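Next up, target16.csv (CSV, C-alpha atoms (C1' of nucleotides)):
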```csv
chain,number,residue,atom,x,y,z
A,996,MET,CA,81.1,99.1,72.1
A,997,THR,CA,82.1,95.6,71.5
A,998,PRO,CA,84.9,94.3,73.6
A,999,ARG,CA,87.8,92.7,71.8
A,1000,ARG,CA,88.5,89.1,72.1
A,1001,SER,CA,91.8,87.6,73.2
A,1002,SER,CA,92.6,90.3,75.7
A,1003,VAL,CA,95.3,90.1,78.2
A,1004,ALA,CA,95.9,86.8,79.9
A,1005,ASP,CA,93.8,84.4,77.8
A,1006,GLY,CA,95.4,81.2,76.9
A,1007,THR,CA,95.8,80.2,73.3
A,1008,GLU,CA,93.0,78.3,71.5
A,1009,ASP,CA,95.1,75.1,72.0
A,1010,GLN,CA,95.4,75.7,75.7
A,1011,VAL,CA,91.7,76.3,76.1
A,1012,PHE,CA,90.7,73.1,74.2
A,1013,ALA,CA,93.4,71.1,76.0
A,1014,ALA,CA,92.2,72.3,79.4
A,1015,LEU,CA,88.6,71.3,78.5
A,1016,ALA,CA,89.7,67.8,77.6
A,1017,SER,CA,89.9,66.6,81.2
A,1018,PRO,CA,86.6,65.8,83.0
A,1019,VAL,CA,88.2,66.9,86.3
A,1020,ARG,CA,88.8,70.3,84.9
A,1021,ARG,CA,85.4,70.6,83.3
A,1022,ASP,CA,84.0,69.7,86.7
A,1023,VAL,CA,86.0,72.4,88.4
A,1024,LEU,CA,84.6,74.9,86.0
A,1025,ARG,CA,81.1,73.7,86.8
A,1026,LEU,CA,81.7,73.9,90.5
A,1027,LEU,CA,82.9,77.5,90.2
A,1028,ARG,CA,79.9,78.4,88.0
A,1029,GLU,CA,77.4,76.9,90.4
A,1030,GLY,CA,79.1,77.8,93.6
A,1031,GLY,CA,80.9,81.1,92.9
A,1032,PRO,CA,84.5,81.8,93.9
A,1033,GLN,CA,85.8,79.1,96.3
A,1034,PRO,CA,89.0,78.3,98.1
A,1035,VAL,CA,91.1,75.4,96.9
A,1036,GLN,CA,90.1,73.0,99.7
A,1037,GLU,CA,86.4,73.4,99.0
A,1038,LEU,CA,87.0,72.6,95.3
A,1039,ALA,CA,89.4,69.8,96.0
A,1040,ALA,CA,87.0,68.1,98.4
A,1041,HIS,CA,85.0,66.9,95.4
A,1042,PHE,CA,87.9,64.9,93.9
A,1043,ASP,CA,89.6,61.8,95.1
A,1044,MET,CA,93.1,62.9,94.3
A,1045,ALA,CA,96.3,64.1,96.1
A,1046,ARG,CA,96.5,67.9,96.6
A,1047,PRO,CA,99.4,68.5,94.3
A,1048,SER,CA,97.7,66.7,91.5
A,1049,PHE,CA,94.7,69.0,91.9
A,1050,SER,CA,97.0,72.0,92.0
A,1051,GLU,CA,98.3,70.9,88.6
A,1052,HIS,CA,94.8,70.9,87.2
A,1053,LEU,CA,94.3,74.4,88.6
A,1054,ARG,CA,97.5,75.5,86.9
A,1055,VAL,CA,96.3,74.2,83.5
A,1056,LEU,CA,93.0,76.1,84.0
A,1057,ARG,CA,94.9,79.2,85.1
A,1058,GLU,CA,97.2,79.1,82.1
A,1059,ALA,CA,94.3,78.7,79.8
A,1060,GLY,CA,92.8,81.8,81.3
A,1061,LEU,CA,89.7,79.9,82.5
A,1062,VAL,CA,90.2,80.7,86.2
A,1063,SER,CA,91.9,83.3,88.3
A,1064,GLU,CA,92.9,83.4,91.9
A,1065,ARG,CA,92.7,85.9,94.7
A,1066,LYS,CA,94.6,85.5,97.9
A,1067,ASP,CA,92.7,86.0,101.1
A,1068,GLY,CA,94.6,85.2,104.3
A,1069,ARG,CA,96.1,81.8,103.8
A,1070,GLN,CA,93.3,80.7,101.4
A,1071,ARG,CA,93.3,81.2,97.7
A,1072,PHE,CA,89.9,81.8,96.2
A,1073,TYR,CA,89.5,80.6,92.6
A,1074,ARG,CA,86.9,82.1,90.4
A,1075,LEU,CA,85.6,81.3,86.9
A,1076,ASP,CA,86.9,83.3,84.0
A,1077,ALA,CA,84.5,82.4,81.2
A,1078,VAL,CA,85.8,84.7,78.5
A,1079,PRO,CA,88.0,82.1,76.8
A,1080,LEU,CA,84.8,80.0,76.4
A,1081,ALA,CA,83.5,82.7,74.1
A,1082,GLU,CA,86.4,81.8,71.9
A,1083,VAL,CA,85.2,78.2,71.9
A,1084,GLN,CA,81.7,79.3,70.9
A,1085,ASP,CA,83.2,81.3,68.1
A,1086,TRP,CA,85.0,78.2,67.0
A,1087,LEU,CA,81.8,76.2,67.1
A,1088,HIS,CA,79.7,78.7,65.2
A,1089,PRO,CA,80.5,77.7,61.5
A,1090,TYR,CA,79.6,74.1,62.4
A,1091,GLU,CA,76.1,75.0,63.6
A,1092,ARG,CA,74.4,74.9,60.2
A,1093,PHE,CA,75.7,71.4,59.7
A,1094,TRP,CA,74.3,70.0,62.9
A,1095,ARG,CA,71.0,71.8,62.4
A,1096,GLU,CA,70.6,70.4,58.9
A,1097,ARG,CA,71.4,66.9,60.2
A,1098,MET,CA,69.1,67.2,63.2
A,1099,ALA,CA,66.3,68.5,61.0
A,1100,GLU,CA,66.7,65.4,58.8
A,1101,LEU,CA,66.7,63.1,61.8
A,1102,GLY,CA,63.6,64.8,63.1
A,1103,LYS,CA,61.8,64.3,59.9
A,1104,VAL,CA,62.6,60.6,59.8
A,1105,LEU,CA,61.4,60.1,63.4
A,1106,ASP,CA,58.2,62.0,62.8
A,1107,ASN,CA,57.4,59.8,59.8
A,1108,LEU,CA,58.0,56.7,61.9
A,1109,GLU,CA,55.6,58.0,64.5
A,1110,ASP,CA,52.9,58.5,61.9
A,1111,GLU,CA,52.7,54.8,61.2
B,633,MET,CA,59.4,68.0,66.3
B,634,THR,CA,62.7,68.4,68.1
B,635,PRO,CA,65.2,65.6,67.4
B,636,ARG,CA,66.7,64.1,70.5
B,637,ARG,CA,70.4,64.5,71.4
B,638,SER,CA,72.8,61.7,71.9
B,639,SER,CA,71.4,59.4,69.2
B,640,VAL,CA,73.0,56.3,67.9
B,641,ALA,CA,76.8,56.3,67.3
B,642,ASP,CA,77.8,59.6,69.1
B,643,GLY,CA,80.8,59.4,71.3
B,644,THR,CA,80.6,60.3,75.0
B,645,GLU,CA,81.1,63.9,76.1
B,646,ASP,CA,84.6,62.9,77.2
B,647,GLN,CA,85.5,61.5,73.8
B,648,VAL,CA,84.2,64.6,72.0
B,649,PHE,CA,86.2,67.0,74.2
B,650,ALA,CA,89.3,64.8,74.0
B,651,ALA,CA,89.0,64.7,70.2
B,652,LEU,CA,88.8,68.4,70.0
B,653,ALA,CA,92.0,68.8,72.1
B,654,SER,CA,94.2,68.1,69.1
B,655,PRO,CA,94.9,71.0,66.6
B,656,VAL,CA,95.3,68.4,63.9
B,657,ARG,CA,91.9,67.0,64.5
B,658,ARG,CA,90.3,70.4,64.7
B,659,ASP,CA,91.9,71.1,61.4
B,660,VAL,CA,90.5,68.0,59.8
B,661,LEU,CA,87.0,69.1,60.9
B,662,ARG,CA,87.6,72.5,59.3
B,663,LEU,CA,88.8,70.9,56.1
B,664,LEU,CA,85.7,68.7,55.9
B,665,ARG,CA,83.5,71.7,56.7
B,666,GLU,CA,85.0,73.9,54.1
B,667,GLY,CA,85.6,71.2,51.4
B,668,GLY,CA,82.9,68.7,51.9
B,669,PRO,CA,83.4,65.0,52.0
B,670,GLN,CA,87.0,64.0,50.9
B,671,PRO,CA,89.1,60.9,50.6
B,672,VAL,CA,91.8,60.3,53.2
B,673,GLN,CA,94.7,61.2,50.8
B,674,GLU,CA,93.2,64.6,50.2
B,675,LEU,CA,92.9,65.3,53.9
B,676,ALA,CA,96.3,63.9,54.7
B,677,ALA,CA,98.0,66.1,52.2
B,678,HIS,CA,97.6,69.0,54.6
B,679,PHE,CA,99.7,67.4,57.3
B,680,ASP,CA,103.3,66.5,57.6
B,681,MET,CA,102.8,63.2,59.2
B,682,ALA,CA,103.1,59.5,58.3
B,683,ARG,CA,99.9,58.0,57.1
B,684,PRO,CA,99.2,55.6,60.0
B,685,SER,CA,99.5,58.5,62.4
B,686,PHE,CA,96.9,60.3,60.4
B,687,SER,CA,94.7,57.2,60.4
B,688,GLU,CA,94.9,57.2,64.2
B,689,HIS,CA,93.5,60.8,64.3
B,690,LEU,CA,90.7,59.7,62.0
B,691,ARG,CA,89.9,56.9,64.3
B,692,VAL,CA,89.6,59.2,67.3
B,693,LEU,CA,87.3,61.5,65.3
B,694,ARG,CA,85.3,58.5,64.2
B,695,GLU,CA,84.9,57.1,67.7
B,696,ALA,CA,83.8,60.5,69.0
B,697,GLY,CA,81.1,60.5,66.3
B,698,LEU,CA,82.5,63.6,64.6
B,699,VAL,CA,83.2,62.1,61.2
B,700,SER,CA,81.9,59.1,59.3
B,701,GLU,CA,83.3,57.2,56.3
B,702,ARG,CA,81.8,55.9,53.1
B,703,LYS,CA,83.7,53.5,50.9
B,704,ASP,CA,83.9,54.3,47.2
B,705,GLY,CA,86.1,52.0,45.3
B,706,ARG,CA,89.4,51.9,47.0
B,707,GLN,CA,89.0,55.3,48.5
B,708,ARG,CA,87.2,56.2,51.7
B,709,PHE,CA,85.4,59.4,51.8
B,710,TYR,CA,85.2,61.0,55.2
B,711,ARG,CA,82.5,63.5,56.0
B,712,LEU,CA,81.8,65.8,58.9
B,713,ASP,CA,79.3,64.7,61.5
B,714,ALA,CA,78.6,67.8,63.4
B,715,VAL,CA,75.9,66.6,65.7
B,716,PRO,CA,78.2,65.9,68.7
B,717,LEU,CA,79.3,69.5,68.5
B,718,ALA,CA,75.8,70.5,69.4
B,719,GLU,CA,76.5,68.7,72.7
B,720,VAL,CA,79.5,71.0,73.2
B,721,GLN,CA,77.3,74.0,72.6
B,722,ASP,CA,74.9,72.7,75.2
B,723,TRP,CA,77.8,72.3,77.6
B,724,LEU,CA,78.9,75.8,76.9
B,725,HIS,CA,75.5,77.4,77.3
B,726,PRO,CA,75.3,77.9,81.1
B,727,TYR,CA,78.7,79.7,80.9
B,728,GLU,CA,77.5,82.3,78.4
B,729,ARG,CA,76.0,84.7,80.9
B,730,PHE,CA,79.4,84.8,82.7
B,731,TRP,CA,81.4,85.7,79.7
B,732,ARG,CA,78.8,88.3,78.6
B,733,GLU,CA,78.8,90.0,82.0
B,734,ARG,CA,82.6,90.1,81.9
B,735,MET,CA,82.9,91.4,78.4
B,736,ALA,CA,80.3,94.0,79.2
B,737,GLU,CA,82.4,95.2,82.1
B,738,LEU,CA,85.5,95.3,79.9
B,739,GLY,CA,83.7,97.2,77.2
B,740,LYS,CA,82.7,99.8,79.7
B,741,VAL,CA,86.2,100.3,81.1
B,742,LEU,CA,87.6,100.6,77.6
B,743,ASP,CA,84.9,103.1,76.5
B,744,ASN,CA,85.7,105.2,79.6
B,745,LEU,CA,89.4,105.2,78.7
B,746,GLU,CA,88.6,106.4,75.2
B,747,ASP,CA,86.6,109.3,76.5
B,748,GLU,CA,89.7,110.9,78.0
C,269,DT,C1',107.7,81.4,119.3
C,270,DT,C1',105.7,77.2,118.3
C,271,DG,C1',102.4,74.5,116.0
C,272,DA,C1',98.8,73.9,112.7
C,273,DT,C1',96.7,74.9,108.2
C,274,DA,C1',96.4,76.3,103.1
C,275,DG,C1',98.4,75.5,99.0
C,276,DG,C1',102.1,75.6,96.3
C,277,DT,C1',106.8,73.5,93.9
C,278,DA,C1',110.3,69.5,93.0
C,279,DG,C1',111.2,65.3,91.2
C,280,DG,C1',109.8,61.0,89.6
C,281,DA,C1',106.7,56.8,88.3
C,282,DA,C1',103.0,55.2,85.5
C,283,DA,C1',99.7,55.8,82.0
C,284,DA,C1',98.2,57.7,77.8
C,285,DA,C1',98.9,60.1,73.4
C,286,DA,C1',101.3,60.8,69.3
C,287,DC,C1',104.3,59.4,66.2
C,288,DC,C1',107.1,56.1,63.5
C,289,DT,C1',108.4,51.7,60.2
C,290,DA,C1',106.8,47.5,58.5
C,291,DC,C1',103.2,45.0,56.8
C,292,DC,C1',98.4,43.5,55.4
C,293,DT,C1',93.9,43.8,52.6
C,294,DA,C1',91.0,45.5,49.1
C,295,DT,C1',90.3,47.5,44.8
C,296,DA,C1',91.8,49.0,40.3
C,297,DC,C1',94.6,49.0,36.0
C,298,DT,C1',97.2,46.5,32.3
D,62,DA,C1',97.9,37.0,36.8
D,63,DG,C1',100.8,40.9,38.2
D,64,DT,C1',101.5,45.5,39.7
D,65,DA,C1',100.1,49.8,41.8
D,66,DT,C1',97.2,52.6,44.9
D,67,DA,C1',94.2,53.6,49.1
D,68,DG,C1',94.2,53.1,53.6
D,69,DG,C1',94.1,50.3,57.4
D,70,DT,C1',96.4,47.3,61.6
D,71,DA,C1',100.6,45.7,64.5
D,72,DG,C1',104.1,46.7,67.4
D,73,DG,C1',107.4,49.8,69.3
D,74,DT,C1',109.6,54.4,70.6
D,75,DT,C1',109.2,59.1,72.2
D,76,DT,C1',106.7,62.7,74.4
D,77,DT,C1',103.1,64.4,77.3
D,78,DT,C1',99.9,64.0,80.8
D,79,DT,C1',98.5,62.6,85.1
D,80,DC,C1',99.3,61.2,89.4
D,81,DC,C1',102.2,60.4,93.5
D,82,DT,C1',105.3,61.5,97.9
D,83,DA,C1',108.3,64.7,100.0
D,84,DC,C1',109.1,69.2,101.0
D,85,DC,C1',108.7,74.4,101.2
D,86,DT,C1',106.4,79.0,102.2
D,87,DA,C1',102.9,81.9,104.1
D,88,DT,C1',99.4,82.9,107.3
D,89,DC,C1',96.9,82.2,111.5
D,90,DA,C1',96.2,80.9,116.3
D,91,DA,C1',97.9,79.6,121.0
```
For the file at hand, write its structure as C-alpha coordinates.
Amino acid sequence: MTPRRSSVADGTEDQVFAALASPVRRDVLRLLREGGPQPVQELAAHFDMARPSFSEHLRVLREAGLVSERKDGRQRFYRLDAVPLAEVQDWLHPYERFWRERMAELGKVLDNLEDE
Amino acid sequence: MTPRRSSVADGTEDQVFAALASPVRRDVLRLLREGGPQPVQELAAHFDMARPSFSEHLRVLREAGLVSERKDGRQRFYRLDAVPLAEVQDWLHPYERFWRERMAELGKVLDNLEDE
DNA sequence: TTGATAGGTAGGAAAAAACCTACCTATACT
DNA sequence: AGTATAGGTAGGTTTTTTCCTACCTATCAA
(Lines of atoms letter the chains of each structure in order from A and count residues from 1; the text may use other names and numbers.)
(Lines give C-alpha, C1' and ligand atoms only; values in the text may rest on other atoms or scores of the structure.)
Protein backbone atom coordinates (compact mmCIF):
# COMPACT_ATOMS: atom_id res chain seq x y z
CA MET A 1 0.00 0.00 0.00
CA THR A 2 1.15 3.49 -0.73
CA PRO A 3 0.63 5.93 2.11
CA ARG A 4 -1.14 9.15 1.21
CA ARG A 5 0.67 12.45 1.27
CA SER A 6 -0.39 15.47 3.30
CA SER A 7 -1.73 13.47 6.19
CA VAL A 8 -2.65 15.00 9.52
CA ALA A 9 -0.49 17.78 10.86
CA ASP A 10 1.67 18.65 7.86
CA GLY A 11 2.13 22.29 7.08
CA THR A 12 1.18 23.69 3.72
CA GLU A 13 3.69 23.75 0.88
CA ASP A 14 4.19 27.44 1.63
CA GLN A 15 4.97 26.77 5.26
CA VAL A 16 7.45 24.05 4.41
CA PHE A 17 9.35 26.12 1.86
CA ALA A 18 9.30 29.13 4.18
CA ALA A 19 10.65 27.03 7.04
CA LEU A 20 13.53 25.83 4.87
CA ALA A 21 14.46 29.38 3.92
CA SER A 22 16.34 29.96 7.17
CA PRO A 23 19.84 28.49 7.53
CA VAL A 24 19.26 28.17 11.27
CA ARG A 25 16.24 25.98 10.70
CA ARG A 26 17.97 23.87 8.06
CA ASP A 27 20.76 23.38 10.59
CA VAL A 28 18.28 22.24 13.23
CA LEU A 29 16.94 19.64 10.82
CA ARG A 30 20.46 18.43 10.14
CA LEU A 31 21.25 18.17 13.86
CA LEU A 32 18.12 16.11 14.41
CA ARG A 33 18.92 13.92 11.45
CA GLU A 34 22.48 13.31 12.58
CA GLY A 35 21.91 13.17 16.32
CA GLY A 36 18.41 11.80 16.70
CA PRO A 37 15.80 13.29 19.05
CA GLN A 38 17.28 15.89 21.38
CA PRO A 39 16.14 18.29 24.09
CA VAL A 40 15.96 21.97 23.24
CA GLN A 41 19.04 22.93 25.22
CA GLU A 42 21.22 20.50 23.28
CA LEU A 43 20.01 21.89 19.98
CA ALA A 44 20.18 25.49 21.14
CA ALA A 45 23.80 25.09 22.23
CA HIS A 46 24.81 25.22 18.56
CA PHE A 47 23.40 28.70 18.01
CA ASP A 48 24.47 32.07 19.31
CA MET A 49 20.99 33.34 19.98
CA ALA A 50 18.66 34.04 22.90
CA ARG A 51 16.45 31.16 23.90
CA PRO A 52 13.12 32.71 22.91
CA SER A 53 14.45 33.41 19.43
CA PHE A 54 15.37 29.78 19.13
CA SER A 55 11.94 28.77 20.44
CA GLU A 56 10.45 30.76 17.61
CA HIS A 57 12.47 28.82 15.04
CA LEU A 58 11.24 25.60 16.60
CA ARG A 59 7.67 26.88 16.34
CA VAL A 60 8.07 27.55 12.62
CA LEU A 61 9.46 24.06 12.10
CA ARG A 62 6.65 22.57 14.20
CA GLU A 63 3.94 24.39 12.29
CA ALA A 64 5.45 23.24 9.02
CA GLY A 65 5.21 19.68 10.34
CA LEU A 66 8.97 19.20 10.10
CA VAL A 67 9.58 18.43 13.77
CA SER A 68 7.50 17.19 16.66
CA GLU A 69 8.07 17.32 20.40
CA ARG A 70 7.71 14.86 23.22
CA LYS A 71 7.78 15.94 26.84
CA ASP A 72 10.03 14.03 29.18
CA GLY A 73 10.24 15.46 32.67
CA ARG A 74 11.08 19.10 32.28
CA GLN A 75 12.78 18.58 28.95
CA ARG A 76 11.16 18.53 25.55
CA PHE A 77 12.70 16.25 23.03
CA TYR A 78 12.37 17.36 19.45
CA ARG A 79 12.57 14.88 16.66
CA LEU A 80 12.76 15.12 12.90
CA ASP A 81 9.54 14.64 10.96
CA ALA A 82 10.78 14.28 7.41
CA VAL A 83 7.50 13.50 5.67
CA PRO A 84 6.88 17.09 4.48
CA LEU A 85 10.26 16.91 2.75
CA ALA A 86 8.83 14.25 0.48
CA GLU A 87 6.46 16.95 -0.70
CA VAL A 88 9.48 19.09 -1.59
CA GLN A 89 10.94 16.23 -3.55
CA ASP A 90 7.64 15.83 -5.39
CA TRP A 91 7.74 19.53 -6.19
CA LEU A 92 11.29 19.16 -7.46
CA HIS A 93 10.61 16.18 -9.66
CA PRO A 94 9.31 17.84 -12.85
CA TYR A 95 12.45 20.01 -12.92
CA GLU A 96 14.81 17.09 -12.88
CA ARG A 97 14.91 16.52 -16.62
CA PHE A 98 15.86 20.17 -17.10
CA TRP A 99 18.88 20.11 -14.86
CA ARG A 100 19.95 16.73 -16.23
CA GLU A 101 19.85 18.01 -19.80
CA ARG A 102 21.82 21.05 -18.77
CA MET A 103 24.43 19.13 -16.83
CA ALA A 104 24.84 16.69 -19.68
CA GLU A 105 25.60 19.61 -22.01
CA LEU A 106 28.06 21.06 -19.54
CA GLY A 107 29.71 17.69 -19.13
CA LYS A 108 30.17 17.39 -22.86
CA VAL A 109 31.75 20.82 -23.15
CA LEU A 110 34.15 20.08 -20.34
CA ASP A 111 35.11 16.70 -21.76
CA ASN A 112 35.91 18.33 -25.09
CA LEU A 113 38.10 20.89 -23.37
CA GLU A 114 40.01 18.12 -21.64
CA ASP A 115 40.73 16.41 -24.97
CA GLU A 116 42.82 19.31 -26.17
CA MET B 1 31.99 12.35 -17.24
CA THR B 2 30.02 13.75 -14.40
CA PRO B 3 29.64 17.51 -14.47
CA ARG B 4 30.62 19.31 -11.28
CA ARG B 5 28.05 21.06 -9.15
CA SER B 6 28.15 24.75 -8.20
CA SER B 7 29.59 25.94 -11.48
CA VAL B 8 29.78 29.58 -12.49
CA ALA B 9 26.85 31.84 -11.69
CA ASP B 10 24.84 29.71 -9.26
CA GLY B 11 23.58 31.41 -6.15
CA THR B 12 24.52 30.11 -2.74
CA GLU B 13 22.39 27.47 -1.05
CA ASP B 14 20.90 30.25 1.06
CA GLN B 15 19.90 32.25 -2.00
CA VAL B 16 18.30 29.25 -3.66
CA PHE B 17 16.24 28.26 -0.63
CA ALA B 18 15.26 31.89 -0.01
CA ALA B 19 14.18 32.26 -3.65
CA LEU B 20 11.96 29.19 -3.35
CA ALA B 21 10.27 30.55 -0.23
CA SER B 22 7.95 32.79 -2.26
CA PRO B 23 4.92 31.23 -3.98
CA VAL B 24 5.15 33.89 -6.68
CA ARG B 25 8.68 32.82 -7.54
CA ARG B 26 7.83 29.12 -7.46
CA ASP B 27 5.01 29.93 -9.86
CA VAL B 28 7.38 31.73 -12.21
CA LEU B 29 9.60 28.66 -12.29
CA ARG B 30 6.59 26.50 -13.09
CA LEU B 31 5.49 28.82 -15.89
CA LEU B 32 8.97 28.70 -17.42
CA ARG B 33 9.09 24.93 -17.07
CA GLU B 34 5.69 24.47 -18.69
CA GLY B 35 5.86 27.22 -21.30
CA GLY B 36 9.54 27.49 -22.13
CA PRO B 37 11.40 30.81 -22.36
CA GLN B 38 9.06 33.80 -22.24
CA PRO B 39 9.28 37.60 -22.21
CA VAL B 40 8.59 39.38 -18.93
CA GLN B 41 5.16 40.65 -19.95
CA GLU B 42 3.90 37.15 -20.64
CA LEU B 43 5.07 35.96 -17.24
CA ALA B 44 3.86 39.05 -15.44
CA ALA B 45 0.36 38.67 -16.90
CA HIS B 46 -0.23 35.84 -14.41
CA PHE B 47 0.28 38.02 -11.36
CA ASP B 48 -1.76 40.85 -9.92
CA MET B 49 1.19 43.03 -9.05
CA ALA B 50 2.90 46.19 -10.27
CA ARG B 51 5.66 45.61 -12.78
CA PRO B 52 8.57 46.77 -10.60
CA SER B 53 7.49 44.35 -7.87
CA PHE B 54 7.59 41.58 -10.41
CA SER B 55 10.99 42.75 -11.65
CA GLU B 56 12.22 42.36 -8.10
CA HIS B 57 11.08 38.73 -7.99
CA LEU B 58 12.93 38.13 -11.26
CA ARG B 59 16.05 39.66 -9.76
CA VAL B 60 15.91 37.29 -6.79
CA LEU B 61 15.52 34.31 -9.12
CA ARG B 62 18.36 35.59 -11.30
CA GLU B 63 20.73 36.07 -8.38
CA ALA B 64 19.93 32.57 -7.16
CA GLY B 65 20.92 31.30 -10.60
CA LEU B 66 17.44 29.86 -11.20
CA VAL B 67 16.66 31.87 -14.33
CA SER B 68 18.65 33.68 -16.97
CA GLU B 69 17.68 36.33 -19.47
CA ARG B 70 18.34 36.89 -23.13
CA LYS B 71 17.63 40.18 -24.82
CA ASP B 72 15.70 40.09 -28.06
CA GLY B 73 14.77 43.47 -29.40
CA ARG B 74 13.07 45.31 -26.62
CA GLN B 75 11.91 42.16 -24.93
CA ARG B 76 13.84 40.08 -22.45
CA PHE B 77 13.20 36.39 -22.56
CA TYR B 78 13.63 34.59 -19.29
CA ARG B 79 14.37 30.92 -19.21
CA LEU B 80 14.53 28.32 -16.48
CA ASP B 81 17.97 27.40 -15.15
CA ALA B 82 17.26 24.31 -13.14
CA VAL B 83 20.79 23.37 -12.13
CA PRO B 84 20.62 24.97 -8.66
CA LEU B 85 17.60 22.77 -7.99
CA ALA B 86 19.89 19.77 -8.22
CA GLU B 87 21.62 21.24 -5.20
CA VAL B 88 18.28 21.23 -3.39
CA GLN B 89 17.82 17.59 -4.28
CA ASP B 90 21.29 16.85 -2.94
CA TRP B 91 20.35 18.63 0.27
CA LEU B 92 17.17 16.57 0.47
CA HIS B 93 18.82 13.25 -0.12
CA PRO B 94 20.02 12.35 3.40
CA TYR B 95 16.46 12.89 4.67
CA GLU B 96 14.91 10.45 2.28
CA ARG B 97 15.39 7.36 4.41
CA PHE B 98 13.62 9.11 7.28
CA TRP B 99 10.48 9.93 5.37
CA ARG B 100 10.44 6.49 3.75
CA GLU B 101 10.62 4.76 7.12
CA ARG B 102 7.86 6.96 8.40
CA MET B 103 5.58 6.49 5.42
CA ALA B 104 6.13 2.74 5.54
CA GLU B 105 4.95 2.76 9.17
CA LEU B 106 1.94 4.85 8.30
CA GLY B 107 1.12 2.57 5.41
CA LYS B 108 1.21 -0.45 7.69
CA VAL B 109 -1.11 1.15 10.24
CA LEU B 110 -3.58 2.11 7.55
CA ASP B 111 -3.51 -1.33 5.98
CA ASN B 112 -4.29 -2.89 9.34
CA LEU B 113 -7.22 -0.54 9.81
CA GLU B 114 -8.60 -1.55 6.46
CA ASP B 115 -8.49 -5.24 7.42
CA GLU B 116 -11.07 -4.74 10.13
C1' DT C 1 8.53 24.59 50.74
C1' DT C 2 12.16 26.86 48.53
C1' DG C 3 15.23 27.25 44.86
C1' DA C 4 17.02 25.95 40.41
C1' DT C 5 16.35 24.40 35.63
C1' DA C 6 13.82 23.68 31.02
C1' DG C 7 11.43 26.01 27.83
C1' DG C 8 7.69 28.49 26.64
C1' DT C 9 4.74 33.26 25.83
C1' DA C 10 4.25 38.58 25.67
C1' DG C 11 5.50 42.68 23.79
C1' DG C 12 8.48 45.47 21.23
C1' DA C 13 12.69 47.01 18.41
C1' DA C 14 15.32 46.37 14.26
C1' DA C 15 16.07 44.38 9.93
C1' DA C 16 14.46 42.40 5.73
C1' DA C 17 10.99 41.49 2.25
C1' DA C 18 7.30 42.83 -0.58
C1' DC C 19 4.93 46.09 -2.61
C1' DC C 20 3.90 50.73 -4.55
C1' DT C 21 4.39 55.29 -7.74
C1' DA C 22 7.47 57.90 -10.41
C1' DC C 23 10.94 57.91 -13.58
C1' DC C 24 14.73 56.35 -16.80
C1' DT C 25 16.73 53.75 -20.90
C1' DA C 26 16.56 51.07 -24.99
C1' DT C 27 14.32 49.50 -28.93
C1' DA C 28 10.69 49.75 -32.40
C1' DC C 29 7.20 51.97 -35.33
C1' DT C 30 5.43 55.95 -38.19
C1' DA D 1 12.21 63.33 -35.07
C1' DG D 2 8.33 61.90 -32.24
C1' DT D 3 5.66 58.46 -29.93
C1' DA D 4 4.81 53.95 -27.97
C1' DT D 5 6.35 49.69 -25.74
C1' DA D 6 9.36 46.60 -22.78
C1' DG D 7 11.39 46.44 -18.64
C1' DG D 8 14.45 48.15 -15.57
C1' DT D 9 16.07 51.44 -11.24
C1' DA D 10 15.13 54.91 -7.30
C1' DG D 11 13.05 55.84 -3.25
C1' DG D 12 9.54 55.15 0.11
C1' DT D 13 5.71 52.66 2.71
C1' DT D 14 3.79 48.60 4.71
C1' DT D 15 4.22 43.95 6.30
C1' DT D 16 6.79 40.11 7.91
C1' DT D 17 10.63 38.07 10.02
C1' DT D 18 14.03 37.92 13.32
C1' DC D 19 15.75 38.98 17.36
C1' DC D 20 15.72 40.86 22.05
C1' DT D 21 14.42 41.42 27.44
C1' DA D 22 11.12 40.36 30.80
C1' DC D 23 8.23 37.15 32.68
C1' DC D 24 5.43 32.83 33.37
C1' DT D 25 4.72 27.68 34.14
C1' DA D 26 6.13 23.04 34.99
C1' DT D 27 9.25 19.84 36.87
C1' DC D 28 13.00 18.39 39.74
C1' DA D 29 16.01 18.45 43.82
C1' DA D 30 17.30 19.95 48.59
Selected residue, from B:Leu724, B:Ala676, B:Leu698, B:Leu693, that lies nearest to A:Arg1025 when counting only C-alpha atoms:
B:Leu724
Got a sec to pull out which chain C residues are within 10 Å of chain A, counting only C-alpha atoms (C1' of nucleotides), and send them as a PyMOL selection string?
chain C and resi 273-277
Contact check, chain D to chain B, at most 8 Å, counting all atoms listed in the file, closest pairs as a tab-separated table:
```
residue	atom	partner	partner_atom	distance
D:DA67	C1'	B:Gln707	CA	5.5
D:DG68	C1'	B:Val672	CA	7.6
D:DG69	C1'	B:Ser687	CA	7.5
```
Just need the residues of chain A within 6 Å of chain B, counting only C-alpha atoms, so spit them out as a PDB file with C-alpha atoms, in the coordinates of the input.
```
ATOM      1  CA  PRO A 998      84.900  94.300  73.600  1.00  0.00           C
ATOM      2  CA  PHE A1012      90.700  73.100  74.200  1.00  0.00           C
ATOM      3  CA  ALA A1013      93.400  71.100  76.000  1.00  0.00           C
ATOM      4  CA  ALA A1016      89.700  67.800  77.600  1.00  0.00           C
ATOM      5  CA  ALA A1077      84.500  82.400  81.200  1.00  0.00           C
ATOM      6  CA  VAL A1078      85.800  84.700  78.500  1.00  0.00           C
ATOM      7  CA  PHE A1093      75.700  71.400  59.700  1.00  0.00           C
ATOM      8  CA  TRP A1094      74.300  70.000  62.900  1.00  0.00           C
ATOM      9  CA  MET A1098      69.100  67.200  63.200  1.00  0.00           C
ATOM     10  CA  GLY A1102      63.600  64.800  63.100  1.00  0.00           C
TER      11      GLY A1102
END
```
What does the distance between atom C1' of C:DA290 and atom C1' of D:DT74 come to in Å, to one decimal place?
14.2 Å
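The interatomic distance for the pair atom CA of A:Thr1007 and atom CA of A:Ala1059 works out to 6.8 Å.
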Distance atom C1' of C:DT293-atom CA of B:Ala682, one decimal place?
19.1 Å
Contact residues around C:DA283 with all atoms listed in the file at 12 Å, ignoring same-chain residues under 5 positions, as a PyMOL selection string
chain D and resi 77-80
Store the residues picked out above in a file with C-alpha atoms (C1' of nucleotides), as a CSV table (one decimal), in the frame of the given file.
```csv
chain,number,residue,atom,x,y,z
D,77,DT,C1',103.1,64.4,77.3
D,78,DT,C1',99.9,64.0,80.8
D,79,DT,C1',98.5,62.6,85.1
D,80,DC,C1',99.3,61.2,89.4
```
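Among the candidate residues B:Val692, B:Asp642, B:Asp659, B:Glu674, the one lying nearest to C:DA285 is B:Val692, with distances computed using only C-alpha atoms (C1' of nucleotides).
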Within 12 Å of D:DA91, counting all atoms listed in the file, which residues qualify if same-chain residues fewer than 6 places away don't, as a ChimeraX atom specification?
/C:269-272
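If only C-alpha atoms are the atoms counted, then among A:Leu1027, A:Asp1043, A:His1052, A:Asn1107 the closest residue to A:Arg1074 is A:Leu1027.
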